[in-house]
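So this block is structure09.pdb, PDB, C-alpha atoms, pLDDT in the B column:
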```pdb
ATOM      1  CA  MET A   1     122.325 104.506 107.427  1.00 69.00           C
ATOM      2  CA  SER A   2     123.052 106.243 104.156  1.00 87.00           C
ATOM      3  CA  ILE A   3     120.655 109.056 103.308  1.00 91.00           C
ATOM      4  CA  ALA A   4     120.666 110.535  99.811  1.00 93.00           C
ATOM      5  CA  ILE A   5     120.270 114.311 100.067  1.00 93.00           C
ATOM      6  CA  THR A   6     119.841 116.414  96.940  1.00 94.00           C
ATOM      7  CA  SER A   7     119.258 120.105  96.463  1.00 93.00           C
ATOM      8  CA  HIS A   8     118.897 122.191  93.347  1.00 83.00           C
ATOM      9  CA  VAL A   9     119.443 125.603  94.945  1.00 85.00           C
ATOM     10  CA  VAL A  10     120.803 125.200  98.476  1.00 86.00           C
ATOM     11  CA  ASP A  11     124.320 123.960  99.222  1.00 90.00           C
ATOM     12  CA  ILE A  12     124.208 120.993 101.599  1.00 91.00           C
ATOM     13  CA  SER A  13     126.381 122.036 104.540  1.00 92.00           C
ATOM     14  CA  PRO A  14     127.581 119.571 107.181  1.00 94.00           C
ATOM     15  CA  ALA A  15     125.122 121.158 109.661  1.00 94.00           C
ATOM     16  CA  ILE A  16     122.162 120.531 107.331  1.00 93.00           C
ATOM     17  CA  ARG A  17     123.315 116.962 106.699  1.00 93.00           C
ATOM     18  CA  GLU A  18     123.694 116.355 110.438  1.00 94.00           C
ATOM     19  CA  ARG A  19     120.200 117.730 111.184  1.00 94.00           C
ATOM     20  CA  ILE A  20     118.635 115.448 108.573  1.00 93.00           C
ATOM     21  CA  GLU A  21     120.592 112.431 109.791  1.00 92.00           C
ATOM     22  CA  SER A  22     119.597 113.120 113.409  1.00 92.00           C
ATOM     23  CA  ARG A  23     115.912 113.229 112.415  1.00 91.00           C
ATOM     24  CA  PHE A  24     116.258 109.894 110.601  1.00 90.00           C
ATOM     25  CA  ASP A  25     118.114 108.430 113.610  1.00 89.00           C
ATOM     26  CA  LYS A  26     115.015 109.184 115.678  1.00 88.00           C
ATOM     27  CA  LEU A  27     112.985 107.172 113.158  1.00 85.00           C
ATOM     28  CA  ASN A  28     115.283 104.174 113.688  1.00 84.00           C
ATOM     29  CA  ARG A  29     114.083 103.883 117.305  1.00 83.00           C
ATOM     30  CA  ARG A  30     111.043 101.994 116.055  1.00 78.00           C
ATOM     31  CA  GLN A  31     113.251  99.148 114.815  1.00 80.00           C
ATOM     32  CA  ILE A  32     111.787  99.325 111.298  1.00 83.00           C
ATOM     33  CA  VAL A  33     114.276  99.255 108.446  1.00 84.00           C
ATOM     34  CA  LEU A  34     114.144 102.310 106.179  1.00 87.00           C
ATOM     35  CA  ILE A  35     115.080 101.395 102.621  1.00 89.00           C
ATOM     36  CA  ASN A  36     116.872 103.994 100.476  1.00 92.00           C
ATOM     37  CA  PRO A  37     115.828 107.194 102.257  1.00 93.00           C
ATOM     38  CA  HIS A  38     116.024 110.207  99.950  1.00 95.00           C
ATOM     39  CA  VAL A  39     115.600 113.874 100.891  1.00 95.00           C
ATOM     40  CA  VAL A  40     115.123 116.700  98.374  1.00 96.00           C
ATOM     41  CA  ILE A  41     115.529 120.340  99.415  1.00 95.00           C
ATOM     42  CA  GLN A  42     114.133 123.098  97.205  1.00 94.00           C
ATOM     43  CA  LYS A  43     113.599 126.820  97.597  1.00 93.00           C
ATOM     44  CA  GLU A  44     110.286 128.209  96.382  1.00 90.00           C
ATOM     45  CA  GLY A  45     110.001 131.949  96.819  1.00 91.00           C
ATOM     46  CA  LEU A  46     110.868 132.733 100.421  1.00 93.00           C
ATOM     47  CA  ASN A  47     110.104 129.228 101.701  1.00 94.00           C
ATOM     48  CA  TYR A  48     112.093 126.012 101.735  1.00 94.00           C
ATOM     49  CA  LEU A  49     110.331 122.875 100.539  1.00 95.00           C
ATOM     50  CA  VAL A  50     111.749 119.663 101.960  1.00 95.00           C
ATOM     51  CA  GLU A  51     110.529 116.281 100.695  1.00 95.00           C
ATOM     52  CA  ALA A  52     111.499 112.834 101.911  1.00 95.00           C
ATOM     53  CA  LYS A  53     110.783 109.387 100.583  1.00 95.00           C
ATOM     54  CA  ALA A  54     111.787 106.150 102.290  1.00 91.00           C
ATOM     55  CA  GLY A  55     110.807 102.584 101.686  1.00 91.00           C
ATOM     56  CA  VAL A  56     109.678 100.266 104.456  1.00 89.00           C
ATOM     57  CA  PRO A  57     108.860  96.583 104.018  1.00 88.00           C
ATOM     58  CA  ASN A  58     105.814  96.371 101.705  1.00 86.00           C
ATOM     59  CA  ASP A  59     105.177 100.131 101.711  1.00 87.00           C
ATOM     60  CA  THR A  60     106.665 103.587 101.063  1.00 91.00           C
ATOM     61  CA  LEU A  61     106.671 106.640 103.315  1.00 91.00           C
ATOM     62  CA  PHE A  62     106.493 110.106 101.773  1.00 95.00           C
ATOM     63  CA  ALA A  63     106.298 113.484 103.477  1.00 95.00           C
ATOM     64  CA  GLN A  64     106.904 117.101 102.606  1.00 95.00           C
ATOM     65  CA  ALA A  65     107.172 120.243 104.678  1.00 96.00           C
ATOM     66  CA  GLU A  66     107.388 123.915 103.802  1.00 96.00           C
ATOM     67  CA  HIS A  67     108.714 126.695 106.031  1.00 96.00           C
ATOM     68  CA  GLU A  68     110.744 129.876 105.703  1.00 95.00           C
ATOM     69  CA  ASP A  69     113.424 128.388 108.020  1.00 94.00           C
ATOM     70  CA  LEU A  70     115.173 125.328 106.584  1.00 94.00           C
ATOM     71  CA  TYR A  71     115.795 123.733 109.983  1.00 94.00           C
ATOM     72  CA  ALA A  72     112.145 124.184 110.997  1.00 95.00           C
ATOM     73  CA  ALA A  73     111.082 122.538 107.730  1.00 95.00           C
ATOM     74  CA  ILE A  74     113.414 119.601 108.433  1.00 95.00           C
ATOM     75  CA  ASN A  75     111.941 119.213 111.943  1.00 95.00           C
ATOM     76  CA  GLU A  76     108.392 119.337 110.602  1.00 96.00           C
ATOM     77  CA  LEU A  77     109.295 116.744 107.972  1.00 95.00           C
ATOM     78  CA  GLY A  78     110.732 114.473 110.665  1.00 93.00           C
ATOM     79  CA  GLN A  79     107.557 114.764 112.734  1.00 94.00           C
ATOM     80  CA  LYS A  80     105.406 113.842 109.747  1.00 95.00           C
ATOM     81  CA  LEU A  81     107.569 110.806 109.013  1.00 93.00           C
ATOM     82  CA  GLU A  82     107.409 109.775 112.689  1.00 92.00           C
ATOM     83  CA  ARG A  83     103.600 109.847 112.591  1.00 92.00           C
ATOM     84  CA  GLN A  84     103.533 107.791 109.387  1.00 91.00           C
ATOM     85  CA  LEU A  85     106.002 105.289 110.803  1.00 90.00           C
ATOM     86  CA  GLY A  86     103.894 105.024 113.966  1.00 88.00           C
ATOM     87  CA  ARG A  87     100.797 104.247 111.917  1.00 88.00           C
ATOM     88  CA  TYR A  88     102.786 101.714 109.889  1.00 86.00           C
ATOM     89  CA  ALA A  89     104.040 100.010 113.067  1.00 82.00           C
ATOM     90  CA  GLU A  90     100.563  99.923 114.668  1.00 81.00           C
ATOM     91  CA  LYS A  91      98.768  98.759 111.527  1.00 75.00           C
ATOM     92  CA  PRO A  92      99.063  94.977 112.112  1.00 71.00           C
ATOM     93  CA  LEU A  93      97.780  95.386 115.675  1.00 66.00           C
ATOM     94  CA  ALA A  94      94.776  97.410 114.515  1.00 63.00           C
ATOM     95  CA  GLN A  95      93.907  94.879 111.838  1.00 62.00           C
ATOM     96  CA  ARG A  96      94.214  92.010 114.282  1.00 60.00           C
ATOM     97  CA  ALA A  97      92.024  93.773 116.841  1.00 59.00           C
ATOM     98  CA  ASN A  98      89.285  94.293 114.261  1.00 62.00           C
ATOM     99  CA  ALA A  99      89.490  90.699 113.049  1.00 60.00           C
ATOM    100  CA  ILE A 100      88.902  89.197 116.485  1.00 58.00           C
ATOM    101  CA  GLN A 101      85.350  89.981 117.465  1.00 59.00           C
ATOM    102  CA  PRO A 102      83.472  88.158 120.206  1.00 58.00           C
ATOM    103  CA  VAL A 103      80.878  85.712 119.008  1.00 60.00           C
ATOM    104  CA  SER A 104      77.543  86.263 120.693  1.00 59.00           C
ATOM    105  CA  GLU A 105      75.263  83.296 121.158  1.00 63.00           C
ATOM    106  CA  GLU A 106      71.599  83.689 120.394  1.00 63.00           C
ATOM    107  CA  GLY A 107      70.406  81.505 123.299  1.00 55.00           C
ATOM    108  CA  GLU A 108      71.570  83.762 126.115  1.00 53.00           C
TER     109      GLU A 108
END
```
What is this structure when it is put down as structure tokens?
Amino acid sequence: MSIAITSHVVDISPAIRERIESRFDKLNRRQIVLINPHVVIQKEGLNYLVEAKAGVPNDTLFAQAEHEDLYAAINELGQKLERQLGRYAEKPLAQRANAIQPVSEEGE
């Protein structure tokens, strides 16, 4: 998978690229195609702000994380995306469960 990584202040080292790619590889376990994932790394004061946007069929995932350690911010971002992807994957099941409700008969 090709991940677009941009940064305005921080140089993207191979270690940073590998950490981001490993977090997105974990997202691929759900067997949902991520369309054009894009990660933006910024430095605001003493903290790093990491934002990610990725398309999924009929929806878009977006998450951001802020931490003074860049790698911790990347991990937090990955966790947020995992939660969103989990909700996206479970959404059809939840809708189907709510749609099927038992019909009670008045005569019983």
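Relative to atom CA of A:Asn47, atom CA of A:Asp69 is found at 7.2 Å.
Here the PyMOL selection byres ((chain A and resi 25) around 12) catches exactly these residues: Met1, Ser2, Ile3, Glu18, Arg19, Ile20, Glu21, Ser22, Arg23, Phe24, Lys26, Leu27, Asn28, Arg29, Arg30, Gln31, Ile32, Val33, Leu34, Pro37, Gly78, Leu81 and Glu82 of chain A.
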Emit the selected residues as a compact mmCIF listing (two decimals), in the coordinates of the input, including C-alpha atoms.
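Once written, part.txt looks like this:
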```txt
# COMPACT_ATOMS: atom_id res chain seq x y z
CA MET A 1 122.32 104.51 107.43
CA SER A 2 123.05 106.24 104.16
CA ILE A 3 120.66 109.06 103.31
CA GLU A 18 123.69 116.36 110.44
CA ARG A 19 120.20 117.73 111.18
CA ILE A 20 118.64 115.45 108.57
CA GLU A 21 120.59 112.43 109.79
CA SER A 22 119.60 113.12 113.41
CA ARG A 23 115.91 113.23 112.42
CA PHE A 24 116.26 109.89 110.60
CA LYS A 26 115.02 109.18 115.68
CA LEU A 27 112.98 107.17 113.16
CA ASN A 28 115.28 104.17 113.69
CA ARG A 29 114.08 103.88 117.30
CA ARG A 30 111.04 101.99 116.06
CA GLN A 31 113.25 99.15 114.82
CA ILE A 32 111.79 99.32 111.30
CA VAL A 33 114.28 99.26 108.45
CA LEU A 34 114.14 102.31 106.18
CA PRO A 37 115.83 107.19 102.26
CA GLY A 78 110.73 114.47 110.66
CA LEU A 81 107.57 110.81 109.01
CA GLU A 82 107.41 109.78 112.69
```
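Of the listed residues (A:Glu51, A:Asp59, A:Glu44, A:Glu68), A:Asp59 comes nearest to A:Lys91; the distances count all atoms listed in the file.
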(113.8, 123.3, 108.3) in this file's frame - what residues fall within 10 Å of it? Use all atoms listed in the file and give the answer as a ChimeraX atom specification. /A:16,19-20,41,47-50,65-78
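We find atom CA of A:Gln84 and atom CA of A:Ser7 to be spaced 23.8 Å apart.
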Suppose a student applies the PyMOL selection byres ((chain A and resi 5) around 7) to this structure; what residues should they get, written as a PyMOL selection string? chain A and resi 3-4+6-7+38-40
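With distances taken over only C-alpha atoms, A:Leu85 is the one residue among A:Gln79, A:Leu85, A:Lys43, A:Pro92 lying closest to A:Leu61.
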Could you write out as lines of an AutoDock Vina configuration file the box around stretch 19-30 of chain A (axis-aligned, all atoms listed in the file, 5 Å on each side), with centre and edge lengths in Å to one decimal?
```
center_x = 115.8
center_y = 109.9
center_z = 112.9
size_x = 19.5
size_y = 25.7
size_z = 18.7
```
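As for atom CA of A:Ile12 and atom CA of A:Gly45, they are spaced 18.6 Å apart.
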